[in-house]
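**Q** Okay, so here is final_4.txt, and as you'll see once you scroll down, it has compact mmCIF, N, CA and C atoms and all ligand atoms.
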# COMPACT_ATOMS: atom_id res chain seq x y z
N MET A 200 0.84 -1.20 0.00
CA MET A 200 0.00 0.00 0.00
C MET A 200 0.87 1.25 0.00
N GLU A 201 0.42 2.23 -0.76
CA GLU A 201 1.14 3.49 -0.87
C GLU A 201 0.24 4.61 -0.34
N ILE A 202 0.83 5.50 0.46
CA ILE A 202 0.09 6.68 0.93
C ILE A 202 0.80 7.90 0.36
N ARG A 203 0.08 8.71 -0.38
CA ARG A 203 0.72 9.87 -1.02
C ARG A 203 -0.34 10.90 -1.41
N ASP A 204 0.16 12.06 -1.88
CA ASP A 204 -0.76 13.10 -2.36
C ASP A 204 -1.64 12.55 -3.48
N ILE A 205 -2.89 12.98 -3.49
CA ILE A 205 -3.78 12.56 -4.57
C ILE A 205 -3.33 13.19 -5.89
N ARG A 206 -3.52 12.44 -6.98
CA ARG A 206 -3.21 12.94 -8.32
C ARG A 206 -4.54 13.24 -9.05
N PRO A 207 -4.53 14.20 -9.96
CA PRO A 207 -5.78 14.54 -10.67
C PRO A 207 -6.47 13.32 -11.29
N ALA A 208 -5.72 12.38 -11.78
CA ALA A 208 -6.32 11.19 -12.40
C ALA A 208 -7.08 10.34 -11.38
N GLU A 209 -6.88 10.62 -10.10
CA GLU A 209 -7.53 9.83 -9.05
C GLU A 209 -8.73 10.54 -8.43
N TYR A 210 -9.02 11.75 -8.88
CA TYR A 210 -10.10 12.52 -8.26
C TYR A 210 -11.43 11.78 -8.34
N GLU A 211 -11.73 11.22 -9.50
CA GLU A 211 -13.04 10.57 -9.65
C GLU A 211 -13.14 9.31 -8.80
N ALA A 212 -12.05 8.57 -8.66
CA ALA A 212 -12.07 7.37 -7.81
C ALA A 212 -12.27 7.76 -6.35
N ALA A 213 -11.60 8.82 -5.92
CA ALA A 213 -11.76 9.28 -4.54
C ALA A 213 -13.17 9.82 -4.31
N GLN A 214 -13.67 10.55 -5.30
CA GLN A 214 -15.04 11.06 -5.21
C GLN A 214 -16.03 9.91 -5.08
N ARG A 215 -15.86 8.85 -5.86
CA ARG A 215 -16.75 7.69 -5.81
C ARG A 215 -16.69 7.03 -4.43
N LEU A 216 -15.48 6.91 -3.90
CA LEU A 216 -15.30 6.30 -2.58
C LEU A 216 -16.06 7.11 -1.52
N LEU A 217 -15.96 8.41 -1.61
CA LEU A 217 -16.66 9.27 -0.64
C LEU A 217 -18.17 9.17 -0.81
N ILE A 218 -18.64 9.22 -2.04
CA ILE A 218 -20.08 9.12 -2.28
C ILE A 218 -20.61 7.79 -1.76
N ASP A 219 -19.89 6.71 -2.04
CA ASP A 219 -20.33 5.38 -1.60
C ASP A 219 -20.36 5.24 -0.08
N ASN A 220 -19.69 6.16 0.61
CA ASN A 220 -19.63 6.08 2.06
C ASN A 220 -20.30 7.26 2.75
N GLY A 221 -21.24 7.87 2.03
CA GLY A 221 -22.11 8.83 2.69
C GLY A 221 -21.67 10.27 2.72
N PHE A 222 -20.63 10.63 1.97
CA PHE A 222 -20.18 12.02 1.96
C PHE A 222 -20.73 12.78 0.75
N GLY A 223 -21.74 12.21 0.09
CA GLY A 223 -22.17 12.70 -1.21
C GLY A 223 -22.54 14.16 -1.29
N HIS A 224 -23.24 14.66 -0.24
CA HIS A 224 -23.77 16.01 -0.35
C HIS A 224 -22.69 17.06 -0.57
N ARG A 225 -21.46 16.79 -0.12
CA ARG A 225 -20.41 17.78 -0.29
C ARG A 225 -19.53 17.53 -1.52
N VAL A 226 -19.59 16.32 -2.08
CA VAL A 226 -18.63 16.00 -3.15
C VAL A 226 -19.30 15.54 -4.44
N GLU A 227 -20.64 15.60 -4.48
CA GLU A 227 -21.28 14.98 -5.64
C GLU A 227 -21.00 15.74 -6.93
N ARG A 228 -20.66 17.02 -6.83
CA ARG A 228 -20.24 17.75 -8.04
C ARG A 228 -18.72 17.77 -8.08
N ILE A 229 -18.16 17.29 -9.19
CA ILE A 229 -16.71 17.13 -9.29
C ILE A 229 -16.00 18.49 -9.16
N GLU A 230 -16.67 19.57 -9.62
CA GLU A 230 -16.04 20.90 -9.49
C GLU A 230 -15.85 21.26 -8.02
N ASN A 231 -16.85 20.93 -7.20
CA ASN A 231 -16.73 21.19 -5.76
C ASN A 231 -15.62 20.34 -5.15
N PHE A 232 -15.58 19.09 -5.58
CA PHE A 232 -14.56 18.20 -5.02
C PHE A 232 -13.16 18.70 -5.38
N ARG A 233 -12.99 19.18 -6.60
CA ARG A 233 -11.69 19.72 -7.00
C ARG A 233 -11.31 20.90 -6.10
N LEU A 234 -12.27 21.76 -5.77
CA LEU A 234 -12.00 22.90 -4.89
C LEU A 234 -11.65 22.42 -3.48
N LEU A 235 -12.39 21.42 -3.01
CA LEU A 235 -12.11 20.89 -1.66
C LEU A 235 -10.69 20.35 -1.56
N ILE A 236 -10.20 19.82 -2.64
CA ILE A 236 -8.82 19.32 -2.67
C ILE A 236 -7.84 20.49 -2.83
N ALA A 237 -8.12 21.35 -3.80
CA ALA A 237 -7.18 22.44 -4.10
C ALA A 237 -6.98 23.38 -2.92
N ARG A 238 -8.03 23.57 -2.12
CA ARG A 238 -7.96 24.55 -1.03
C ARG A 238 -7.56 23.93 0.29
N ALA A 239 -7.38 22.61 0.32
CA ALA A 239 -6.86 21.96 1.52
C ALA A 239 -5.32 21.93 1.44
N GLN A 240 -4.68 22.01 2.59
CA GLN A 240 -3.22 21.93 2.57
C GLN A 240 -2.75 20.50 2.28
N ARG A 241 -3.55 19.53 2.68
CA ARG A 241 -3.18 18.14 2.46
C ARG A 241 -4.39 17.37 1.94
N ALA A 242 -4.19 16.61 0.87
CA ALA A 242 -5.22 15.73 0.33
C ALA A 242 -4.50 14.48 -0.17
N ILE A 243 -4.77 13.37 0.49
CA ILE A 243 -3.95 12.18 0.26
C ILE A 243 -4.83 10.96 -0.02
N VAL A 244 -4.19 9.98 -0.63
CA VAL A 244 -4.88 8.72 -0.91
C VAL A 244 -4.03 7.55 -0.41
N ALA A 245 -4.72 6.45 -0.15
CA ALA A 245 -4.07 5.15 0.03
C ALA A 245 -4.36 4.37 -1.25
N VAL A 246 -3.31 3.83 -1.84
CA VAL A 246 -3.45 3.12 -3.12
C VAL A 246 -2.88 1.71 -2.97
N THR A 247 -3.69 0.74 -3.38
CA THR A 247 -3.26 -0.65 -3.37
C THR A 247 -3.47 -1.23 -4.76
N ASP A 248 -2.43 -1.77 -5.34
CA ASP A 248 -2.51 -2.35 -6.69
C ASP A 248 -3.18 -1.39 -7.67
N GLY A 249 -2.82 -0.12 -7.57
CA GLY A 249 -3.34 0.87 -8.50
C GLY A 249 -4.76 1.35 -8.21
N THR A 250 -5.36 0.85 -7.13
CA THR A 250 -6.73 1.24 -6.78
C THR A 250 -6.74 2.15 -5.56
N VAL A 251 -7.52 3.23 -5.64
CA VAL A 251 -7.67 4.13 -4.50
C VAL A 251 -8.55 3.44 -3.45
N VAL A 252 -7.98 3.12 -2.30
CA VAL A 252 -8.73 2.43 -1.24
C VAL A 252 -8.94 3.32 -0.03
N GLY A 253 -8.39 4.53 -0.06
CA GLY A 253 -8.60 5.44 1.05
C GLY A 253 -8.33 6.86 0.62
N PHE A 254 -8.97 7.80 1.33
CA PHE A 254 -8.80 9.23 1.04
C PHE A 254 -8.93 10.00 2.34
N ALA A 255 -8.20 11.08 2.44
CA ALA A 255 -8.38 11.99 3.59
C ALA A 255 -7.81 13.35 3.20
N ARG A 256 -8.32 14.38 3.85
CA ARG A 256 -7.75 15.71 3.62
C ARG A 256 -7.71 16.47 4.93
N ALA A 257 -6.87 17.48 4.96
CA ALA A 257 -6.71 18.27 6.17
C ALA A 257 -6.49 19.73 5.83
N LEU A 258 -7.04 20.59 6.68
CA LEU A 258 -6.76 22.02 6.64
C LEU A 258 -5.85 22.30 7.81
N THR A 259 -4.68 22.84 7.55
CA THR A 259 -3.74 23.05 8.66
C THR A 259 -2.73 24.15 8.33
N ASP A 260 -2.28 24.83 9.38
CA ASP A 260 -1.17 25.78 9.21
C ASP A 260 0.17 25.08 9.38
N GLY A 261 0.14 23.82 9.81
CA GLY A 261 1.37 23.06 9.97
C GLY A 261 2.21 23.48 11.16
N VAL A 262 1.69 24.40 11.95
CA VAL A 262 2.45 24.95 13.07
C VAL A 262 1.70 24.74 14.39
N SER A 263 0.41 25.09 14.37
CA SER A 263 -0.34 25.13 15.62
C SER A 263 -1.61 24.29 15.60
N ASN A 264 -2.35 24.35 14.49
CA ASN A 264 -3.67 23.72 14.44
C ASN A 264 -3.91 22.96 13.15
N GLY A 265 -4.78 21.98 13.24
CA GLY A 265 -5.18 21.25 12.04
C GLY A 265 -6.58 20.69 12.19
N TYR A 266 -7.24 20.54 11.06
CA TYR A 266 -8.60 20.00 11.03
C TYR A 266 -8.64 18.88 10.00
N VAL A 267 -9.05 17.71 10.45
CA VAL A 267 -9.15 16.56 9.56
C VAL A 267 -10.56 16.48 9.00
N SER A 268 -10.66 16.27 7.69
CA SER A 268 -11.96 16.22 7.04
C SER A 268 -11.98 15.09 6.03
N MET A 269 -13.10 14.37 6.00
CA MET A 269 -13.34 13.38 4.94
C MET A 269 -12.36 12.22 4.93
N LEU A 270 -12.21 11.59 6.05
CA LEU A 270 -11.42 10.35 6.08
C LEU A 270 -12.32 9.18 5.68
N VAL A 271 -11.87 8.40 4.71
CA VAL A 271 -12.65 7.22 4.32
C VAL A 271 -11.70 6.11 3.85
N VAL A 272 -12.06 4.88 4.22
CA VAL A 272 -11.35 3.70 3.75
C VAL A 272 -12.40 2.76 3.14
N ALA A 273 -12.11 2.19 1.99
CA ALA A 273 -13.05 1.26 1.34
C ALA A 273 -13.36 0.11 2.29
N ALA A 274 -14.64 -0.28 2.32
CA ALA A 274 -15.10 -1.26 3.31
C ALA A 274 -14.25 -2.53 3.33
N GLU A 275 -13.88 -3.01 2.16
CA GLU A 275 -13.13 -4.28 2.10
C GLU A 275 -11.67 -4.13 2.51
N HIS A 276 -11.24 -2.90 2.77
CA HIS A 276 -9.84 -2.68 3.18
C HIS A 276 -9.75 -2.18 4.62
N ARG A 277 -10.84 -2.22 5.34
CA ARG A 277 -10.81 -1.71 6.72
C ARG A 277 -10.18 -2.72 7.68
N ARG A 278 -9.81 -2.20 8.84
CA ARG A 278 -9.22 -2.99 9.92
C ARG A 278 -7.88 -3.61 9.52
N LYS A 279 -7.18 -2.92 8.60
CA LYS A 279 -5.84 -3.36 8.20
C LYS A 279 -4.81 -2.25 8.42
N GLY A 280 -5.21 -1.20 9.10
CA GLY A 280 -4.26 -0.13 9.39
C GLY A 280 -4.26 1.00 8.37
N VAL A 281 -5.14 0.96 7.37
CA VAL A 281 -5.14 2.01 6.35
C VAL A 281 -5.56 3.35 6.95
N GLY A 282 -6.62 3.35 7.74
CA GLY A 282 -7.09 4.59 8.35
C GLY A 282 -6.02 5.20 9.25
N ARG A 283 -5.40 4.38 10.05
CA ARG A 283 -4.32 4.87 10.92
C ARG A 283 -3.19 5.47 10.08
N ALA A 284 -2.81 4.79 9.00
CA ALA A 284 -1.71 5.28 8.16
C ALA A 284 -2.08 6.61 7.49
N LEU A 285 -3.33 6.74 7.05
CA LEU A 285 -3.75 8.01 6.45
C LEU A 285 -3.69 9.14 7.48
N MET A 286 -4.17 8.86 8.68
CA MET A 286 -4.17 9.89 9.73
C MET A 286 -2.73 10.27 10.09
N HIS A 287 -1.85 9.30 10.16
CA HIS A 287 -0.46 9.61 10.48
C HIS A 287 0.16 10.47 9.38
N ALA A 288 -0.14 10.12 8.13
CA ALA A 288 0.40 10.90 7.02
C ALA A 288 -0.14 12.33 7.03
N LEU A 289 -1.40 12.50 7.40
CA LEU A 289 -1.98 13.85 7.48
C LEU A 289 -1.35 14.66 8.60
N MET A 290 -1.21 14.05 9.76
CA MET A 290 -0.86 14.81 10.96
C MET A 290 0.65 14.88 11.20
N GLY A 291 1.41 13.92 10.68
CA GLY A 291 2.85 13.91 10.93
C GLY A 291 3.17 13.57 12.37
N ASP A 292 4.40 13.88 12.76
CA ASP A 292 4.87 13.48 14.10
C ASP A 292 4.95 14.63 15.09
N ASP A 293 4.65 15.84 14.65
CA ASP A 293 4.80 17.00 15.52
C ASP A 293 3.65 17.07 16.53
N LEU A 294 3.95 16.78 17.78
CA LEU A 294 2.91 16.78 18.81
C LEU A 294 2.59 18.19 19.29
N GLY A 295 3.20 19.19 18.67
CA GLY A 295 2.92 20.58 19.04
C GLY A 295 1.66 21.14 18.41
N LEU A 296 1.03 20.39 17.52
CA LEU A 296 -0.22 20.85 16.90
C LEU A 296 -1.42 20.22 17.59
N THR A 297 -2.50 21.00 17.70
CA THR A 297 -3.79 20.44 18.11
C THR A 297 -4.59 20.13 16.87
N TRP A 298 -5.04 18.89 16.76
CA TRP A 298 -5.87 18.46 15.63
C TRP A 298 -7.30 18.26 16.10
N VAL A 299 -8.25 18.70 15.29
CA VAL A 299 -9.66 18.52 15.62
C VAL A 299 -10.37 17.87 14.43
N LEU A 300 -11.52 17.32 14.70
CA LEU A 300 -12.35 16.75 13.64
C LEU A 300 -13.78 16.66 14.15
N ARG A 301 -14.69 16.42 13.23
CA ARG A 301 -16.10 16.22 13.58
C ARG A 301 -16.46 14.80 13.21
N SER A 302 -17.16 14.10 14.06
CA SER A 302 -17.60 12.76 13.71
C SER A 302 -18.81 12.37 14.54
N SER A 303 -19.88 12.00 13.85
CA SER A 303 -21.08 11.56 14.57
C SER A 303 -21.24 10.04 14.46
N ARG A 304 -20.39 9.39 13.68
CA ARG A 304 -20.56 7.95 13.47
C ARG A 304 -19.91 7.20 14.62
N PRO A 305 -20.67 6.38 15.36
CA PRO A 305 -20.11 5.68 16.52
C PRO A 305 -18.88 4.85 16.17
N ASP A 306 -18.88 4.16 15.04
CA ASP A 306 -17.72 3.35 14.65
C ASP A 306 -16.48 4.21 14.48
N ALA A 307 -16.69 5.36 13.83
CA ALA A 307 -15.56 6.23 13.58
C ALA A 307 -15.03 6.82 14.89
N ARG A 308 -15.92 7.11 15.81
CA ARG A 308 -15.46 7.64 17.10
C ARG A 308 -14.56 6.63 17.80
N ALA A 309 -14.94 5.34 17.73
CA ALA A 309 -14.11 4.30 18.35
C ALA A 309 -12.74 4.26 17.68
N PHE A 310 -12.72 4.41 16.36
CA PHE A 310 -11.45 4.44 15.63
C PHE A 310 -10.60 5.62 16.09
N TYR A 311 -11.21 6.81 16.14
CA TYR A 311 -10.44 7.99 16.52
C TYR A 311 -9.90 7.87 17.95
N GLU A 312 -10.69 7.29 18.83
CA GLU A 312 -10.19 7.08 20.19
C GLU A 312 -8.99 6.14 20.19
N ARG A 313 -9.02 5.14 19.32
CA ARG A 313 -7.90 4.19 19.24
C ARG A 313 -6.61 4.90 18.83
N ILE A 314 -6.73 5.96 18.03
CA ILE A 314 -5.51 6.62 17.57
C ILE A 314 -5.23 7.90 18.36
N GLY A 315 -5.87 8.05 19.52
CA GLY A 315 -5.45 9.09 20.44
C GLY A 315 -6.33 10.31 20.58
N PHE A 316 -7.45 10.37 19.85
CA PHE A 316 -8.35 11.52 20.00
C PHE A 316 -9.24 11.34 21.23
N VAL A 317 -9.60 12.44 21.85
CA VAL A 317 -10.54 12.42 22.97
C VAL A 317 -11.63 13.45 22.70
N ALA A 318 -12.82 13.20 23.26
CA ALA A 318 -13.91 14.16 23.12
C ALA A 318 -13.48 15.49 23.74
N SER A 319 -13.74 16.58 23.03
CA SER A 319 -13.29 17.88 23.49
C SER A 319 -14.21 18.45 24.58
N THR A 320 -13.60 19.12 25.52
CA THR A 320 -14.38 19.87 26.50
C THR A 320 -14.36 21.36 26.18
N VAL A 321 -13.67 21.72 25.11
CA VAL A 321 -13.51 23.16 24.81
C VAL A 321 -13.95 23.55 23.41
N ALA A 322 -14.12 22.58 22.51
CA ALA A 322 -14.45 22.94 21.13
C ALA A 322 -15.86 23.51 21.02
N MET A 323 -16.03 24.47 20.12
CA MET A 323 -17.35 24.98 19.76
C MET A 323 -17.43 24.97 18.25
N GLU A 324 -18.64 25.00 17.72
CA GLU A 324 -18.77 25.01 16.27
C GLU A 324 -20.02 25.78 15.86
N ARG A 325 -19.98 26.30 14.63
CA ARG A 325 -21.18 26.85 14.01
C ARG A 325 -21.43 26.01 12.77
N PRO A 326 -22.31 24.99 12.86
CA PRO A 326 -22.50 24.08 11.73
C PRO A 326 -22.99 24.81 10.48
N ARG A 327 -22.61 24.25 9.33
CA ARG A 327 -23.09 24.81 8.07
C ARG A 327 -24.61 24.67 7.99
N ALA A 328 -25.26 25.53 7.22
CA ALA A 328 -26.69 25.39 6.99
C ALA A 328 -26.94 24.10 6.22
N SER A 329 -28.07 23.45 6.48
CA SER A 329 -28.35 22.20 5.78
C SER A 329 -28.60 22.50 4.31
N PRO A 330 -28.34 21.51 3.41
CA PRO A 330 -28.51 21.76 1.97
C PRO A 330 -29.89 22.26 1.62
N SER A 331 -30.92 21.81 2.36
CA SER A 331 -32.28 22.22 2.01
C SER A 331 -32.50 23.71 2.26
N ARG A 332 -31.66 24.31 3.09
CA ARG A 332 -31.80 25.75 3.36
C ARG A 332 -30.91 26.58 2.43
N ALA A 333 -30.04 25.89 1.69
CA ALA A 333 -29.07 26.62 0.87
C ALA A 333 -29.76 27.26 -0.33
C1 LIG A 401 -13.23 4.93 10.37
C2 LIG A 401 -12.35 4.29 9.29
C3 LIG A 401 -11.65 5.39 8.51
C4 LIG A 401 -11.30 3.40 9.96
O1 LIG A 401 -10.39 2.94 8.98
P1 LIG A 401 -9.59 1.54 9.15
O2 LIG A 401 -8.62 1.45 8.05
O3 LIG A 401 -10.56 0.42 9.27
O4 LIG A 401 -8.87 1.73 10.54
P2 LIG A 401 -7.52 0.99 11.06
O5 LIG A 401 -7.51 -0.40 10.52
O6 LIG A 401 -6.36 1.85 10.74
O7 LIG A 401 -7.80 0.97 12.62
C5 LIG A 401 -6.97 1.60 13.59
C6 LIG A 401 -7.45 1.16 14.97
O8 LIG A 401 -8.83 1.55 15.14
C7 LIG A 401 -9.61 0.38 15.39
N1 LIG A 401 -10.89 0.50 14.69
C8 LIG A 401 -11.07 0.74 13.36
N2 LIG A 401 -12.38 0.75 13.08
C9 LIG A 401 -13.01 0.53 14.26
C10 LIG A 401 -14.37 0.42 14.62
N3 LIG A 401 -15.34 0.54 13.69
N4 LIG A 401 -14.69 0.19 15.90
C11 LIG A 401 -13.74 0.06 16.84
N5 LIG A 401 -12.39 0.16 16.56
C12 LIG A 401 -12.05 0.39 15.28
C13 LIG A 401 -8.83 -0.77 14.81
O9 LIG A 401 -9.17 -1.99 15.43
C14 LIG A 401 -7.41 -0.36 15.12
O10 LIG A 401 -7.14 -0.63 16.49
P3 LIG A 401 -5.74 -1.22 16.99
O11 LIG A 401 -4.86 -0.05 17.14
O12 LIG A 401 -6.07 -1.89 18.25
O13 LIG A 401 -5.27 -2.17 15.92
C15 LIG A 401 -13.20 3.41 8.33
O14 LIG A 401 -13.96 2.50 9.11
C16 LIG A 401 -14.16 4.18 7.44
O15 LIG A 401 -13.76 4.66 6.38
N6 LIG A 401 -15.44 4.31 7.85
C17 LIG A 401 -16.46 4.97 7.03
C18 LIG A 401 -16.22 6.45 6.91
C19 LIG A 401 -16.02 7.14 8.24
O16 LIG A 401 -16.69 6.83 9.21
N7 LIG A 401 -15.08 8.11 8.25
C20 LIG A 401 -14.69 8.85 9.44
C21 LIG A 401 -15.74 9.75 9.95
S1 LIG A 401 -15.98 11.22 9.09
Output the file's structure in the form of structure tokens.

**A**
Amino acid sequence: MEIRDIRPAEYEAAQRLLIDNGFGHRVERIENFRLLIARAQRAIVAVTDGTVVGFARALTDGVSNGYVSMLVVAAEHRRKGVGRALMHALMGDDLGLTWVLRSSRPDARAFYERIGFVASTVAMERPRASPSRA
């Protein structure tokens, strides 16, 4: 397995992976997905035998703070360390940064706890308006 920056030729495969795993409302238009990648500091894939099996992106200053968004691993490749490897590639080894993320999926919360995240006592958010109000 290879973890590296996403290439333009892989955008549609990553988009499909996200749509198949419930992220459709934000990525269903390829133009939006291209912007989500272009404007993130990090957008990476896990590739096995030429197939995109994982995707993740992060917004970060690389110094103090980072936000992880859209982590996904193909169902048939889960529980093999791909998610952990993607998160490590996004966050690096510098423990001087605080990383945050949003997750309502119970399975994903268990995963994030396994790799060192804890529920915040200080985070606040202003959620985006729902698509129906847009
Ligand atoms: C969450 C997700 C990214 C995990 O990816 P993964 O490749 O299966 O995770 P890993 O194999 O790297 O697991 C790392 C650790 O988390 C644990 N873990 C992974 N999924 C878990 C789950 N559903 N429940 C409990 N623990 C879990 C693993 O057992 C492993 O623990 P270990 O350190 O004891 O070995 C993947 O299940 C996924 O894509 N889910 C759908 C999309 C999603 O929920 N994305 C994140 C929320 S936005």

**Q** Between A:Ser302, A:Ser263, A:Thr250, A:Ser319, single out the one closest to ligand LIG 401 (chain A), counting only C-alpha atoms and all ligand atoms.

**A** A:Ser302

**Q** Taking all atoms listed in the file into account, which residues are within 7 Å of ligand LIG 401 (chain A), as an mmCIF file with N, CA and C atoms, in the coordinates of the input?

**A**
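What follows is the written file result.cif:
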data_model
loop_
_atom_site.group_PDB
_atom_site.id
_atom_site.type_symbol
_atom_site.label_atom_id
_atom_site.label_comp_id
_atom_site.auth_asym_id
_atom_site.auth_seq_id
_atom_site.Cartn_x
_atom_site.Cartn_y
_atom_site.Cartn_z
ATOM 1 N N ASN A 220 -19.690 6.160 0.610
ATOM 2 C CA ASN A 220 -19.630 6.080 2.060
ATOM 3 C C ASN A 220 -20.300 7.260 2.750
ATOM 4 N N SER A 268 -10.660 16.270 7.690
ATOM 5 C CA SER A 268 -11.960 16.220 7.040
ATOM 6 C C SER A 268 -11.980 15.090 6.030
ATOM 7 N N MET A 269 -13.100 14.370 6.000
ATOM 8 C CA MET A 269 -13.340 13.380 4.940
ATOM 9 C C MET A 269 -12.360 12.220 4.930
ATOM 10 N N LEU A 270 -12.210 11.590 6.050
ATOM 11 C CA LEU A 270 -11.420 10.350 6.080
ATOM 12 C C LEU A 270 -12.320 9.180 5.680
ATOM 13 N N VAL A 271 -11.870 8.400 4.710
ATOM 14 C CA VAL A 271 -12.650 7.220 4.320
ATOM 15 C C VAL A 271 -11.700 6.110 3.850
ATOM 16 N N VAL A 272 -12.060 4.880 4.220
ATOM 17 C CA VAL A 272 -11.350 3.700 3.750
ATOM 18 C C VAL A 272 -12.400 2.760 3.140
ATOM 19 N N ALA A 273 -12.110 2.190 1.990
ATOM 20 C CA ALA A 273 -13.050 1.260 1.340
ATOM 21 C C ALA A 273 -13.360 0.110 2.290
ATOM 22 N N ALA A 274 -14.640 -0.280 2.320
ATOM 23 C CA ALA A 274 -15.100 -1.260 3.310
ATOM 24 C C ALA A 274 -14.250 -2.530 3.330
ATOM 25 N N HIS A 276 -11.240 -2.900 2.770
ATOM 26 C CA HIS A 276 -9.840 -2.680 3.180
ATOM 27 C C HIS A 276 -9.750 -2.180 4.620
ATOM 28 N N ARG A 277 -10.840 -2.220 5.340
ATOM 29 C CA ARG A 277 -10.810 -1.710 6.720
ATOM 30 C C ARG A 277 -10.180 -2.720 7.680
ATOM 31 N N ARG A 278 -9.810 -2.200 8.840
ATOM 32 C CA ARG A 278 -9.220 -2.990 9.920
ATOM 33 C C ARG A 278 -7.880 -3.610 9.520
ATOM 34 N N LYS A 279 -7.180 -2.920 8.600
ATOM 35 C CA LYS A 279 -5.840 -3.360 8.200
ATOM 36 C C LYS A 279 -4.810 -2.250 8.420
ATOM 37 N N GLY A 280 -5.210 -1.200 9.100
ATOM 38 C CA GLY A 280 -4.260 -0.130 9.390
ATOM 39 C C GLY A 280 -4.260 1.000 8.370
ATOM 40 N N VAL A 281 -5.140 0.960 7.370
ATOM 41 C CA VAL A 281 -5.140 2.010 6.350
ATOM 42 C C VAL A 281 -5.560 3.350 6.950
ATOM 43 N N GLY A 282 -6.620 3.350 7.740
ATOM 44 C CA GLY A 282 -7.090 4.590 8.350
ATOM 45 C C GLY A 282 -6.020 5.200 9.250
ATOM 46 N N ARG A 283 -5.400 4.380 10.050
ATOM 47 C CA ARG A 283 -4.320 4.870 10.920
ATOM 48 C C ARG A 283 -3.190 5.470 10.080
ATOM 49 N N ALA A 284 -2.810 4.790 9.000
ATOM 50 C CA ALA A 284 -1.710 5.280 8.160
ATOM 51 C C ALA A 284 -2.080 6.610 7.490
ATOM 52 N N LEU A 285 -3.330 6.740 7.050
ATOM 53 C CA LEU A 285 -3.750 8.010 6.450
ATOM 54 C C LEU A 285 -3.690 9.140 7.480
ATOM 55 N N ARG A 301 -14.690 16.420 13.230
ATOM 56 C CA ARG A 301 -16.100 16.220 13.580
ATOM 57 C C ARG A 301 -16.460 14.800 13.210
ATOM 58 N N SER A 302 -17.160 14.100 14.060
ATOM 59 C CA SER A 302 -17.600 12.760 13.710
ATOM 60 C C SER A 302 -18.810 12.370 14.540
ATOM 61 N N SER A 303 -19.880 12.000 13.850
ATOM 62 C CA SER A 303 -21.080 11.560 14.570
ATOM 63 C C SER A 303 -21.240 10.040 14.460
ATOM 64 N N ARG A 304 -20.390 9.390 13.680
ATOM 65 C CA ARG A 304 -20.560 7.950 13.470
ATOM 66 C C ARG A 304 -19.910 7.200 14.620
ATOM 67 N N PRO A 305 -20.670 6.380 15.360
ATOM 68 C CA PRO A 305 -20.110 5.680 16.520
ATOM 69 C C PRO A 305 -18.880 4.850 16.170
ATOM 70 N N ASP A 306 -18.880 4.160 15.040
ATOM 71 C CA ASP A 306 -17.720 3.350 14.650
ATOM 72 C C ASP A 306 -16.480 4.210 14.480
ATOM 73 N N ALA A 307 -16.690 5.360 13.830
ATOM 74 C CA ALA A 307 -15.560 6.230 13.580
ATOM 75 C C ALA A 307 -15.030 6.820 14.890
ATOM 76 N N ARG A 308 -15.920 7.110 15.810
ATOM 77 C CA ARG A 308 -15.460 7.640 17.100
ATOM 78 C C ARG A 308 -14.560 6.630 17.800
ATOM 79 N N ALA A 309 -14.940 5.340 17.730
ATOM 80 C CA ALA A 309 -14.110 4.300 18.350
ATOM 81 C C ALA A 309 -12.740 4.260 17.680
ATOM 82 N N PHE A 310 -12.720 4.410 16.360
ATOM 83 C CA PHE A 310 -11.450 4.440 15.630
ATOM 84 C C PHE A 310 -10.600 5.620 16.090
ATOM 85 N N TYR A 311 -11.210 6.810 16.140
ATOM 86 C CA TYR A 311 -10.440 7.990 16.520
ATOM 87 C C TYR A 311 -9.900 7.870 17.950
ATOM 88 N N GLU A 312 -10.690 7.290 18.830
ATOM 89 C CA GLU A 312 -10.190 7.080 20.190
ATOM 90 C C GLU A 312 -8.990 6.140 20.190
ATOM 91 N N ARG A 313 -9.020 5.140 19.320
ATOM 92 C CA ARG A 313 -7.900 4.190 19.240
ATOM 93 C C ARG A 313 -6.610 4.900 18.830
ATOM 94 N N ILE A 314 -6.730 5.960 18.030
ATOM 95 C CA ILE A 314 -5.510 6.620 17.570
ATOM 96 C C ILE A 314 -5.230 7.900 18.360
#

**Q** Residues within 7 Å of Leu289 (chain A), please, as a PyMOL selection string. Count only N, CA and C atoms; anything in the same chain fewer than 5 positions from it doesn't count.

**A** chain A and resi 241+256-257+284

**Q** Atom N of Pro326 (chain A) and atom N of Thr259 (chain A), how far apart in Å?

**A**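 Interatomic distance, atom N of Thr259 (chain A) to atom N of Pro326 (chain A): 18.5 Å.
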
**Q** Mind listing whatever residues come within 7 Å of the point (-3.6, 9.9, 4.2)? Use only C-alpha atoms, file coordinates, and give them as a list in words.

**A** Ile202, Arg203, Ile243, Val244, Ala245, Phe254, Ala255, Ala284, Leu285, Met286, Ala288 and Leu289 of chain A
